[in-house]
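Engineer: This one is target.txt, compact mmCIF, C-alpha atoms.
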# COMPACT_ATOMS: atom_id res chain seq x y z
CA MET A 1 -6.30 32.06 25.27
CA TYR A 2 -2.90 33.38 24.22
CA GLU A 3 -1.87 36.88 23.26
CA GLY A 4 -1.92 38.11 19.65
CA ALA A 5 0.65 36.47 17.42
CA VAL A 6 0.87 33.16 19.33
CA GLN A 7 -2.89 32.64 19.14
CA ASP A 8 -2.90 33.66 15.46
CA LEU A 9 -0.31 31.00 14.70
CA ILE A 10 -2.17 28.34 16.72
CA ASP A 11 -5.37 29.20 14.84
CA GLU A 12 -3.66 29.00 11.44
CA LEU A 13 -1.92 25.70 12.24
CA GLY A 14 -5.22 24.29 13.53
CA GLN A 15 -6.68 24.73 10.03
CA LEU A 16 -4.28 22.17 8.57
CA PRO A 17 -5.53 18.62 8.00
CA GLY A 18 -4.81 16.22 10.85
CA ILE A 19 -3.72 18.96 13.25
CA GLY A 20 -5.98 19.45 16.25
CA PRO A 21 -5.85 22.29 18.79
CA LYS A 22 -3.34 20.45 21.03
CA SER A 23 -0.93 19.69 18.17
CA ALA A 24 -1.27 23.25 16.89
CA GLN A 25 -0.32 24.56 20.32
CA ARG A 26 2.60 22.15 20.55
CA ILE A 27 3.91 23.13 17.12
CA ALA A 28 3.48 26.84 17.86
CA PHE A 29 5.57 26.59 21.03
CA HIS A 30 8.13 24.48 19.24
CA LEU A 31 8.44 27.24 16.63
CA LEU A 32 8.61 29.93 19.32
CA ALA A 33 11.63 28.20 20.78
CA ALA A 34 13.13 27.28 17.39
CA ASP A 35 15.93 29.04 15.53
CA PRO A 36 14.46 32.03 13.62
CA VAL A 37 16.30 30.83 10.51
CA ASP A 38 14.38 27.52 10.57
CA VAL A 39 11.05 29.27 10.97
CA ARG A 40 11.84 31.65 8.14
CA ARG A 41 12.76 28.68 5.94
CA LEU A 42 9.36 27.09 6.64
CA ALA A 43 7.59 30.38 5.86
CA THR A 44 9.56 30.66 2.60
CA ALA A 45 8.78 27.05 1.64
CA LEU A 46 5.08 27.84 2.10
CA THR A 47 5.21 30.90 -0.11
CA GLU A 48 7.36 29.24 -2.77
CA VAL A 49 5.12 26.23 -3.10
CA LYS A 50 2.25 28.50 -4.14
CA ASP A 51 4.41 30.64 -6.39
CA LYS A 52 6.40 27.96 -8.18
CA VAL A 53 4.39 24.78 -8.30
CA ARG A 54 1.86 24.17 -11.04
CA PHE A 55 0.27 21.16 -12.68
CA CYS A 56 1.75 19.34 -15.67
CA ARG A 57 0.01 20.36 -18.91
CA VAL A 58 -0.04 16.71 -20.03
CA CYS A 59 -0.69 14.49 -17.01
CA GLY A 60 -1.75 16.85 -14.21
CA ASN A 61 1.08 15.89 -11.85
CA VAL A 62 2.77 18.61 -9.80
CA THR A 63 5.74 20.26 -11.47
CA GLN A 64 7.70 23.48 -11.63
CA GLU A 65 7.96 23.38 -15.43
CA GLU A 66 5.40 23.28 -18.23
CA THR A 67 5.48 19.47 -18.22
CA CYS A 68 6.55 17.20 -15.36
CA ARG A 69 9.77 15.16 -15.23
CA ILE A 70 8.01 11.94 -16.20
CA CYS A 71 6.16 13.37 -19.21
CA ALA A 72 9.38 15.07 -20.34
CA ASP A 73 11.39 11.82 -20.10
CA PRO A 74 11.67 10.21 -23.59
CA ARG A 75 12.66 6.85 -22.03
CA ARG A 76 9.19 6.42 -20.49
CA ASP A 77 6.86 4.15 -22.45
CA GLU A 78 4.24 6.28 -24.20
CA SER A 79 1.93 3.35 -24.93
CA VAL A 80 0.82 2.77 -21.30
CA ILE A 81 -0.92 5.28 -19.08
CA CYS A 82 -1.45 4.67 -15.37
CA VAL A 83 -4.45 6.66 -14.10
CA VAL A 84 -4.23 7.76 -10.46
CA GLU A 85 -6.23 10.06 -8.22
CA GLU A 86 -3.54 12.30 -6.74
CA PRO A 87 0.09 13.36 -7.33
CA LYS A 88 1.10 11.40 -4.22
CA ASP A 89 -0.17 8.24 -5.89
CA VAL A 90 2.37 8.83 -8.69
CA VAL A 91 5.11 8.80 -6.05
CA ALA A 92 3.69 5.60 -4.54
CA VAL A 93 3.69 3.81 -7.93
CA GLU A 94 7.15 5.16 -8.82
CA ARG A 95 8.49 3.68 -5.60
CA THR A 96 7.55 0.16 -6.77
CA ARG A 97 9.84 0.52 -9.84
CA GLU A 98 7.34 -1.79 -11.61
CA PHE A 99 5.98 0.77 -14.02
CA ARG A 100 7.85 2.52 -16.82
CA GLY A 101 4.94 4.15 -18.63
CA ARG A 102 3.28 7.55 -18.26
CA TYR A 103 0.73 8.80 -15.74
CA HIS A 104 -2.54 10.65 -15.70
CA VAL A 105 -3.58 12.38 -12.47
CA LEU A 106 -7.35 12.84 -12.19
CA GLY A 107 -7.21 15.23 -9.24
CA GLY A 108 -9.56 13.11 -7.11
CA ALA A 109 -12.26 10.50 -7.47
CA ILE A 110 -15.97 10.61 -8.24
CA SER A 111 -17.74 11.18 -4.94
CA PRO A 112 -21.34 12.44 -5.02
CA ILE A 113 -21.29 12.95 -1.22
CA ASP A 114 -18.41 15.41 -1.52
CA GLY A 115 -19.97 16.95 -4.62
CA VAL A 116 -17.22 15.67 -6.94
CA GLY A 117 -18.59 14.62 -10.32
CA PRO A 118 -16.81 13.46 -13.51
CA ASP A 119 -16.58 17.07 -14.73
CA ASP A 120 -14.47 18.02 -11.73
CA LEU A 121 -11.78 15.51 -12.69
CA ARG A 122 -9.25 15.62 -15.55
CA ILE A 123 -11.20 13.03 -17.56
CA ARG A 124 -11.54 15.03 -20.78
CA GLU A 125 -7.74 15.49 -20.80
CA LEU A 126 -7.35 11.71 -20.46
CA LEU A 127 -9.63 10.99 -23.43
CA LEU A 128 -7.71 13.54 -25.52
CA ARG A 129 -4.49 11.67 -24.81
CA LEU A 130 -6.04 8.49 -26.24
CA ALA A 131 -7.10 10.20 -29.47
CA ASP A 132 -3.92 9.71 -31.53
CA GLY A 133 -3.81 5.92 -31.05
CA VAL A 134 -0.35 5.81 -29.44
CA VAL A 135 -1.70 4.58 -26.11
CA GLN A 136 -2.31 0.80 -26.07
CA GLU A 137 -3.20 0.24 -22.41
CA VAL A 138 -4.74 2.26 -19.61
CA ILE A 139 -4.13 0.95 -16.08
CA LEU A 140 -6.77 2.19 -13.65
CA ALA A 141 -4.93 2.70 -10.37
CA THR A 142 -7.55 4.65 -8.44
CA ASP A 143 -7.89 3.80 -4.74
CA PRO A 144 -9.48 0.42 -3.89
CA ASN A 145 -12.33 2.12 -2.00
CA LEU A 146 -15.91 3.07 -2.91
CA GLU A 147 -15.00 6.29 -4.73
CA GLY A 148 -11.98 4.83 -6.47
CA GLU A 149 -13.92 1.77 -7.68
CA ALA A 150 -16.78 3.96 -8.92
CA THR A 151 -14.31 6.14 -10.81
CA ALA A 152 -12.59 3.09 -12.35
CA THR A 153 -15.94 1.66 -13.46
CA TYR A 154 -17.00 5.00 -14.93
CA LEU A 155 -13.72 5.41 -16.83
CA SER A 156 -13.68 1.85 -18.14
CA ARG A 157 -17.19 2.27 -19.60
CA LEU A 158 -16.19 5.58 -21.14
CA MET A 159 -13.05 4.16 -22.76
CA GLN A 160 -14.54 0.83 -23.87
CA PRO A 161 -15.35 2.04 -27.44
CA MET A 162 -11.88 3.55 -27.91
CA GLY A 163 -10.12 0.24 -28.49
CA VAL A 164 -7.50 0.47 -25.75
CA ARG A 165 -6.76 -2.30 -23.29
CA ILE A 166 -8.12 -1.32 -19.87
CA SER A 167 -6.81 -2.94 -16.68
CA ARG A 168 -7.30 -2.45 -12.96
CA LEU A 169 -4.75 -3.01 -10.20
CA ALA A 170 -5.20 -6.36 -8.44
CA SER A 171 -6.95 -6.47 -5.10
CA GLY A 172 -5.94 -9.11 -2.55
CA LEU A 173 -4.03 -9.78 0.62
CA PRO A 174 -1.33 -7.21 1.42
CA VAL A 175 2.15 -8.72 1.36
CA GLY A 176 3.44 -9.26 4.89
CA GLY A 177 -0.13 -9.22 6.19
CA ASP A 178 -2.01 -11.83 8.14
CA LEU A 179 -4.87 -13.83 6.62
CA GLU A 180 -6.64 -13.89 9.97
CA TYR A 181 -6.87 -10.10 10.08
CA ALA A 182 -7.91 -9.54 6.46
CA ASP A 183 -11.42 -8.15 6.10
CA GLU A 184 -13.92 -10.37 4.27
CA VAL A 185 -14.09 -8.20 1.15
CA THR A 186 -10.31 -8.26 0.67
CA LEU A 187 -10.16 -11.98 1.38
CA GLY A 188 -13.01 -12.54 -1.09
CA ARG A 189 -11.11 -10.59 -3.73
CA ALA A 190 -8.00 -12.65 -3.00
CA PHE A 191 -10.02 -15.80 -3.71
CA SER A 192 -11.69 -14.58 -6.88
CA GLY A 193 -8.39 -13.22 -8.17
CA ARG A 194 -6.33 -16.35 -7.29
CA ARG A 195 -3.58 -17.30 -9.72
CA LEU A 196 -2.50 -20.72 -10.90
CA LEU A 197 1.01 -21.56 -9.83
CA ASP A 198 3.38 -22.90 -12.48
CA VAL A 199 5.00 -25.80 -10.66
CA MET B 1 10.59 12.10 -4.53
CA TYR B 2 8.84 15.31 -5.58
CA GLU B 3 10.16 18.21 -7.58
CA GLY B 4 11.75 21.26 -5.94
CA ALA B 5 9.35 23.40 -3.94
CA VAL B 6 6.90 20.61 -3.03
CA GLN B 7 9.67 18.45 -1.59
CA ASP B 8 11.17 21.46 0.22
CA LEU B 9 7.83 22.10 1.91
CA ILE B 10 7.37 18.43 2.82
CA ASP B 11 10.87 18.38 4.33
CA GLU B 12 10.25 21.54 6.35
CA LEU B 13 6.87 20.34 7.62
CA GLY B 14 8.42 17.00 8.56
CA GLN B 15 10.71 18.82 11.01
CA LEU B 16 7.75 19.89 13.15
CA PRO B 17 6.98 17.89 16.29
CA GLY B 18 4.40 15.14 15.82
CA ILE B 19 4.41 15.42 12.02
CA GLY B 20 5.74 12.37 10.20
CA PRO B 21 6.52 12.06 6.48
CA LYS B 22 2.96 11.00 5.59
CA SER B 23 1.34 13.89 7.47
CA ALA B 24 3.85 16.32 5.98
CA GLN B 25 2.93 15.12 2.49
CA ARG B 26 -0.77 15.36 3.27
CA ILE B 27 -0.44 18.91 4.59
CA ALA B 28 1.74 19.96 1.65
CA PHE B 29 -0.86 18.80 -0.88
CA HIS B 30 -3.62 20.40 1.15
CA LEU B 31 -1.71 23.69 0.96
CA LEU B 32 -1.05 23.24 -2.76
CA ALA B 33 -4.79 23.05 -3.33
CA ALA B 34 -5.64 25.74 -0.76
CA ASP B 35 -6.46 29.39 -1.40
CA PRO B 36 -3.17 31.35 -1.78
CA VAL B 37 -4.51 33.90 0.72
CA ASP B 38 -4.80 31.21 3.41
CA VAL B 39 -1.28 29.98 2.77
CA ARG B 40 0.10 33.50 2.88
CA ARG B 41 -1.70 34.06 6.18
CA LEU B 42 -0.02 30.98 7.66
CA ALA B 43 3.39 32.15 6.36
CA THR B 44 2.78 35.58 7.90
CA ALA B 45 1.69 34.07 11.23
CA LEU B 46 4.97 32.14 11.30
CA THR B 47 7.08 35.21 10.65
CA GLU B 48 5.13 37.40 13.08
CA VAL B 49 5.36 34.95 15.95
CA LYS B 50 9.15 35.22 15.80
CA ASP B 51 9.16 38.98 15.33
CA LYS B 52 6.56 40.00 17.89
CA VAL B 53 6.48 37.43 20.66
CA ARG B 54 8.88 37.62 23.58
CA PHE B 55 8.93 36.44 27.16
CA CYS B 56 7.52 38.42 30.08
CA ARG B 57 10.28 40.17 32.01
CA VAL B 58 8.66 39.16 35.32
CA CYS B 59 7.20 35.67 34.95
CA GLY B 60 8.62 34.29 31.68
CA ASN B 61 5.22 33.77 30.03
CA VAL B 62 4.83 34.60 26.34
CA THR B 63 3.76 38.16 25.60
CA GLN B 64 3.96 40.91 23.01
CA GLU B 65 4.67 43.60 25.62
CA GLU B 66 7.40 44.07 28.21
CA THR B 67 5.27 42.25 30.81
CA CYS B 68 2.44 39.80 30.16
CA ARG B 69 -1.27 40.47 30.66
CA ILE B 70 -1.38 38.62 33.99
CA CYS B 71 1.66 40.35 35.51
CA ALA B 72 0.30 43.70 34.31
CA ASP B 73 -3.14 43.07 35.87
CA PRO B 74 -3.34 44.84 39.30
CA ARG B 75 -6.34 42.69 40.30
CA ARG B 76 -4.22 39.53 40.41
CA ASP B 77 -3.07 38.52 43.89
CA GLU B 78 0.64 39.32 44.28
CA SER B 79 1.05 37.14 47.35
CA VAL B 80 0.71 33.76 45.56
CA ILE B 81 2.91 32.50 42.75
CA CYS B 82 2.05 29.38 40.77
CA VAL B 83 5.21 27.84 39.30
CA VAL B 84 4.70 25.98 35.99
CA GLU B 85 6.98 24.49 33.37
CA GLU B 86 5.67 26.03 30.15
CA PRO B 87 3.48 28.90 28.93
CA LYS B 88 0.83 26.38 27.91
CA ASP B 89 0.54 25.31 31.55
CA VAL B 90 -0.45 28.90 32.41
CA VAL B 91 -3.32 28.57 29.94
CA ALA B 92 -4.33 25.22 31.47
CA VAL B 93 -4.43 26.67 35.01
CA GLU B 94 -6.24 29.83 33.84
CA ARG B 95 -8.93 27.66 32.30
CA THR B 96 -9.80 26.23 35.74
CA ARG B 97 -10.64 29.77 37.04
CA GLU B 98 -9.46 28.49 40.43
CA PHE B 99 -6.35 30.64 40.67
CA ARG B 100 -6.19 34.43 40.94
CA GLY B 101 -2.51 34.86 41.78
CA ARG B 102 0.57 35.32 39.60
CA TYR B 103 2.64 32.81 37.66
CA HIS B 104 6.25 31.90 37.16
CA VAL B 105 7.20 29.97 34.03
CA LEU B 106 10.38 27.93 34.45
CA GLY B 107 10.82 27.13 30.78
CA GLY B 108 11.02 23.36 31.35
CA ALA B 109 11.84 20.87 34.08
CA ILE B 110 15.06 19.43 35.44
CA SER B 111 15.96 16.47 33.24
CA PRO B 112 19.53 15.16 33.33
CA ILE B 113 18.81 12.82 30.38
CA ASP B 114 17.92 15.79 28.17
CA GLY B 115 20.80 17.81 29.63
CA VAL B 116 18.49 20.28 31.39
CA GLY B 117 19.86 21.34 34.76
CA PRO B 118 18.63 23.95 37.28
CA ASP B 119 20.71 26.65 35.59
CA ASP B 120 18.79 26.21 32.34
CA LEU B 121 15.50 27.13 34.06
CA ARG B 122 14.28 30.49 35.30
CA ILE B 123 14.93 29.58 38.95
CA ARG B 124 17.11 32.56 39.83
CA GLU B 125 14.34 34.86 38.61
CA LEU B 126 11.87 33.03 40.87
CA LEU B 127 14.05 33.47 43.95
CA LEU B 128 14.45 37.18 43.16
CA ARG B 129 10.66 37.54 43.14
CA LEU B 130 10.55 36.15 46.68
CA ALA B 131 13.16 38.61 47.99
CA ASP B 132 10.87 41.54 48.94
CA GLY B 133 8.61 39.45 51.22
CA VAL B 134 5.36 40.16 49.32
CA VAL B 135 4.93 36.55 48.23
CA GLN B 136 3.37 34.37 50.94
CA GLU B 137 2.84 31.11 49.05
CA VAL B 138 4.45 29.32 46.13
CA ILE B 139 2.34 26.61 44.47
CA LEU B 140 4.50 24.10 42.62
CA ALA B 141 2.47 23.11 39.58
CA THR B 142 5.14 21.30 37.57
CA ASP B 143 4.00 18.17 35.74
CA PRO B 144 3.23 15.08 37.88
CA ASN B 145 5.96 13.04 36.13
CA LEU B 146 9.56 12.18 36.98
CA GLU B 147 11.06 15.47 35.76
CA GLY B 148 8.27 17.61 37.21
CA GLU B 149 8.48 15.90 40.62
CA ALA B 150 12.27 16.26 40.67
CA THR B 151 11.96 19.94 39.84
CA ALA B 152 9.33 20.46 42.55
CA THR B 153 11.51 18.70 45.13
CA TYR B 154 14.55 20.75 44.11
CA LEU B 155 12.63 24.03 44.30
CA SER B 156 11.00 23.23 47.63
CA ARG B 157 14.40 22.52 49.22
CA LEU B 158 15.80 25.71 47.74
CA MET B 159 12.92 27.86 49.02
CA GLN B 160 12.58 26.20 52.47
CA PRO B 161 14.80 28.76 54.28
CA MET B 162 12.96 31.72 52.69
CA GLY B 163 9.91 31.50 54.95
CA VAL B 164 7.24 31.17 52.24
CA ARG B 165 4.51 28.55 52.27
CA ILE B 166 5.26 25.93 49.62
CA SER B 167 2.52 23.68 48.24
CA ARG B 168 2.23 21.11 45.49
CA LEU B 169 -0.82 20.33 43.35
CA ALA B 170 -2.75 17.27 44.56
CA SER B 171 -2.26 13.95 42.81
CA GLY B 172 -5.16 11.52 42.64
CA LEU B 173 -7.88 10.09 40.46
CA PRO B 174 -8.83 12.23 37.47
CA VAL B 175 -12.44 13.46 37.67
CA GLY B 176 -14.66 11.50 35.31
CA GLY B 177 -12.11 8.69 35.31
CA ASP B 178 -12.55 5.08 36.24
CA LEU B 179 -10.98 3.60 39.38
CA GLU B 180 -10.46 0.29 37.60
CA TYR B 181 -8.22 1.88 34.97
CA ALA B 182 -6.16 4.07 37.30
CA ASP B 183 -2.50 3.04 37.46
CA GLU B 184 -1.27 1.89 40.86
CA VAL B 185 0.86 4.97 41.55
CA THR B 186 -2.05 7.33 40.95
CA LEU B 187 -4.39 5.16 43.00
CA GLY B 188 -1.77 5.00 45.76
CA ARG B 189 -1.54 8.81 45.75
CA ALA B 190 -5.32 9.04 45.88
CA PHE B 191 -5.26 6.89 49.05
CA SER B 192 -2.46 8.73 50.79
CA GLY B 193 -4.00 12.08 49.91
CA ARG B 194 -7.57 11.13 50.93
CA ARG B 195 -9.67 13.82 52.56
CA LEU B 196 -12.10 13.59 55.46
CA LEU B 197 -15.63 14.39 54.42
CA ASP B 198 -17.55 16.85 56.59
CA VAL B 199 -20.91 15.15 57.00
Could you express the structure from this file as structure tokens?
Structural biologist:
Amino acid sequence: MYEGAVQDLIDELGQLPGIGPKSAQRIAFHLLAADPVDVRRLATALTEVKDKVRFCRVCGNVTQEETCRICADPRRDESVICVVEEPKDVVAVERTREFRGRYHVLGGAISPIDGVGPDDLRIRELLLRLADGVVQEVILATDPNLEGEATATYLSRLMQPMGVRISRLASGLPVGGDLEYADEVTLGRAFSGRRLLDV
Amino acid sequence: MYEGAVQDLIDELGQLPGIGPKSAQRIAFHLLAADPVDVRRLATALTEVKDKVRFCRVCGNVTQEETCRICADPRRDESVICVVEEPKDVVAVERTREFRGRYHVLGGAISPIDGVGPDDLRIRELLLRLADGVVQEVILATDPNLEGEATATYLSRLMQPMGVRISRLASGLPVGGDLEYADEVTLGRAFSGRRLLDV
């Protein structure tokens, strides 16, 4: 509908996840009116992210070095590995300040519908990290959905003979939530996972 | 939270309209995993839109030439001008295929809250287009909201002495809509603007 470069930009923006044709148009016109310096900075950020960012040799997290900040930090506990699906899950766990161990990023979850099998994930790399006996516990922190649960089950079976403790994040009612609005599966998990109170 | 280039990209994406921190993160990781060629194409589209696109000398629409496609088209009726707020409104009107005249893009609407006054819009350029007497009718197609109505009222008063016919787009029930869900202002407009049926 638009001429040349405007339509090209709308088309390119429309390819991004969560951006429909209307948002793409809105962003394009915002950029048309924006300071050229700002637009150039966005273009540079796009190029740099592909040039500079790679995946940590050890854990698979995003990094600009050979190993990521967390793997390179000697203060982090080497005996516990938290297994997550994506780099953004590392950020989510870090934000809790509850965990001082290391991470392992799988790069997704097992999902036959999307054609993602165990071989597409960084599972071999995880098993290699368990080989030297330093790791005592593996916390499976994959998403609490169908794919994440399937991946956790698969990994726990695989690691069973290796003599490490394997745990899974607790499921239950979200803090600040409302019991009335909890779905039955979550509420069921909250019951089966109930804890005795020390009074 | 992330290292260098990833965080830079998330920050830049978060500046775009309608993109919050979560969407910015999602898009950044999508781009990290995407084909470098696709990312480079998006970066190029961003740069090109600033380099190539300008505003039509006559109507203010976006174009890559001196004048836009519509102003350059001799088949378009010179005697009617449709006044809109933004270039995207031109596309919306064009899509109806109801209008074969020319456009005038104001570049916004009068909005004292946002500090946009008449001098910030392309109003002088509109009046200049009326000077040679070719234009017979001006259709005010600004948005049917507070700012758009104010702008239409302002323009109609300004053009009154110039002897052109001034019209405003009809307000009423949206086609395919539901009378029950129409707000009272729209429904009121639909009553006051009712048309006799020729049976």
Engineer: Between CA of Glu180 (chain B) and CA of Glu149 (chain B), measure the distance and give it in Å to one decimal.
Structural biologist: 24.7 Å
Engineer: Please report as a list of chain:residue names which residues of chain A come no farther than 6 Å from chain B, using all atoms listed in the file.
Structural biologist: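 Written out as asked, the residues are A:Ala5, A:Val6, A:Leu9, A:Glu12, A:Leu42, A:Ala43, A:Ala45, A:Val49.
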Engineer: For Arg102 (chain B), list every protein, DNA or RNA residue within 9 Å, evaluated using only C-alpha atoms, and leave out those in the same chain fewer than 5 positions away; present the list as a list in words.
Structural biologist: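 Answer for this query is Cys59, Ile70, Cys71, Arg76, Asp77, Glu78, Ser79, Val80, Ile81, Cys82 and Val83 of chain B.
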Engineer: Mind giving me the straight-line distance from CA of Leu106 (chain B) to CA of Ile123 (chain B) in Å, one decimal?
Structural biologist: 6.6 Å
Engineer: Between CA of Leu126 (chain A) and CA of Leu146 (chain A), what distance in Å does the model show, to one decimal?
Structural biologist: 21.4 Å
Engineer: To test the calculation: enclose all listed atoms of region 139-154 of chain A in a box whose edges run along x, y and z, add 5 Å on each side, then state centre and edge lengths in Å to one decimal, as JSON.
Structural biologist:
{"center_x": -10.6, "center_y": 3.4, "center_z": -9.0, "size_x": 22.9, "size_y": 15.9, "size_z": 24.1}
Engineer: Using the incomplete input, complete region 8-16 of chain A to the level of all heavy atoms; output as a PDB file, in the frame of the given file.
Structural biologist:
ATOM      1  N   ASP A   8      -2.720  33.636  16.920  1.00  0.00           N
ATOM      2  CA  ASP A   8      -2.900  33.660  15.460  1.00  0.00           C
ATOM      3  C   ASP A   8      -2.249  32.439  14.826  1.00  0.00           C
ATOM      4  O   ASP A   8      -2.846  31.774  13.976  1.00  0.00           O
ATOM      5  CB  ASP A   8      -2.239  34.918  14.848  1.00  0.00           C
ATOM      6  CG  ASP A   8      -3.017  36.177  15.180  1.00  0.00           C
ATOM      7  OD1 ASP A   8      -4.153  36.042  15.686  1.00  0.00           O
ATOM      8  OD2 ASP A   8      -2.492  37.276  14.954  1.00  0.00           O
ATOM      9  N   LEU A   9      -1.026  32.141  15.269  1.00  0.00           N
ATOM     10  CA  LEU A   9      -0.310  31.000  14.700  1.00  0.00           C
ATOM     11  C   LEU A   9      -1.008  29.692  15.047  1.00  0.00           C
ATOM     12  O   LEU A   9      -1.182  28.817  14.184  1.00  0.00           O
ATOM     13  CB  LEU A   9       1.146  30.990  15.188  1.00  0.00           C
ATOM     14  CG  LEU A   9       2.000  29.841  14.647  1.00  0.00           C
ATOM     15  CD1 LEU A   9       2.063  29.860  13.128  1.00  0.00           C
ATOM     16  CD2 LEU A   9       3.405  29.886  15.232  1.00  0.00           C
ATOM     17  N   ILE A  10      -1.452  29.563  16.306  1.00  0.00           N
ATOM     18  CA  ILE A  10      -2.170  28.340  16.720  1.00  0.00           C
ATOM     19  C   ILE A  10      -3.429  28.176  15.869  1.00  0.00           C
ATOM     20  O   ILE A  10      -3.723  27.075  15.396  1.00  0.00           O
ATOM     21  CB  ILE A  10      -2.506  28.386  18.228  1.00  0.00           C
ATOM     22  CG1 ILE A  10      -1.220  28.325  19.052  1.00  0.00           C
ATOM     23  CG2 ILE A  10      -3.448  27.258  18.615  1.00  0.00           C
ATOM     24  CD1 ILE A  10      -1.422  28.498  20.548  1.00  0.00           C
ATOM     25  N   ASP A  11      -4.146  29.265  15.648  1.00  0.00           N
ATOM     26  CA  ASP A  11      -5.370  29.200  14.840  1.00  0.00           C
ATOM     27  C   ASP A  11      -5.063  28.761  13.413  1.00  0.00           C
ATOM     28  O   ASP A  11      -5.751  27.914  12.852  1.00  0.00           O
ATOM     29  CB  ASP A  11      -6.068  30.566  14.812  1.00  0.00           C
ATOM     30  CG  ASP A  11      -6.647  30.938  16.169  1.00  0.00           C
ATOM     31  OD1 ASP A  11      -6.774  30.027  17.015  1.00  0.00           O
ATOM     32  OD2 ASP A  11      -6.945  32.119  16.384  1.00  0.00           O
ATOM     33  N   GLU A  12      -4.011  29.329  12.830  1.00  0.00           N
ATOM     34  CA  GLU A  12      -3.660  29.000  11.440  1.00  0.00           C
ATOM     35  C   GLU A  12      -3.219  27.543  11.325  1.00  0.00           C
ATOM     36  O   GLU A  12      -3.620  26.837  10.399  1.00  0.00           O
ATOM     37  CB  GLU A  12      -2.543  29.919  10.926  1.00  0.00           C
ATOM     38  CG  GLU A  12      -2.972  31.363  10.689  1.00  0.00           C
ATOM     39  CD  GLU A  12      -4.075  31.478   9.652  1.00  0.00           C
ATOM     40  OE1 GLU A  12      -4.098  30.661   8.717  1.00  0.00           O
ATOM     41  OE2 GLU A  12      -4.920  32.381   9.794  1.00  0.00           O
ATOM     42  N   LEU A  13      -2.396  27.087  12.268  1.00  0.00           N
ATOM     43  CA  LEU A  13      -1.920  25.700  12.240  1.00  0.00           C
ATOM     44  C   LEU A  13      -3.084  24.735  12.429  1.00  0.00           C
ATOM     45  O   LEU A  13      -3.118  23.664  11.822  1.00  0.00           O
ATOM     46  CB  LEU A  13      -0.871  25.470  13.330  1.00  0.00           C
ATOM     47  CG  LEU A  13       0.484  26.149  13.120  1.00  0.00           C
ATOM     48  CD1 LEU A  13       1.320  26.081  14.386  1.00  0.00           C
ATOM     49  CD2 LEU A  13       1.240  25.507  11.961  1.00  0.00           C
ATOM     50  N   GLY A  14      -4.059  25.145  13.261  1.00  0.00           N
ATOM     51  CA  GLY A  14      -5.220  24.290  13.530  1.00  0.00           C
ATOM     52  C   GLY A  14      -6.104  24.071  12.316  1.00  0.00           C
ATOM     53  O   GLY A  14      -6.950  23.177  12.313  1.00  0.00           O
ATOM     54  N   GLN A  15      -5.907  24.889  11.271  1.00  0.00           N
ATOM     55  CA  GLN A  15      -6.680  24.730  10.030  1.00  0.00           C
ATOM     56  C   GLN A  15      -6.141  23.602   9.166  1.00  0.00           C
ATOM     57  O   GLN A  15      -6.813  23.145   8.248  1.00  0.00           O
ATOM     58  CB  GLN A  15      -6.603  26.015   9.176  1.00  0.00           C
ATOM     59  CG  GLN A  15      -6.992  27.299   9.877  1.00  0.00           C
ATOM     60  CD  GLN A  15      -8.479  27.417  10.016  1.00  0.00           C
ATOM     61  OE1 GLN A  15      -9.215  27.064   9.108  1.00  0.00           O
ATOM     62  NE2 GLN A  15      -8.942  27.855  11.171  1.00  0.00           N
ATOM     63  N   LEU A  16      -4.903  23.181   9.433  1.00  0.00           N
ATOM     64  CA  LEU A  16      -4.280  22.170   8.570  1.00  0.00           C
ATOM     65  C   LEU A  16      -4.884  20.792   8.832  1.00  0.00           C
ATOM     66  O   LEU A  16      -5.313  20.510   9.945  1.00  0.00           O
ATOM     67  CB  LEU A  16      -2.766  22.142   8.816  1.00  0.00           C
ATOM     68  CG  LEU A  16      -2.032  23.441   8.527  1.00  0.00           C
ATOM     69  CD1 LEU A  16      -0.566  23.324   8.890  1.00  0.00           C
ATOM     70  CD2 LEU A  16      -2.185  23.833   7.065  1.00  0.00           C
TER      71      LEU A  16
END
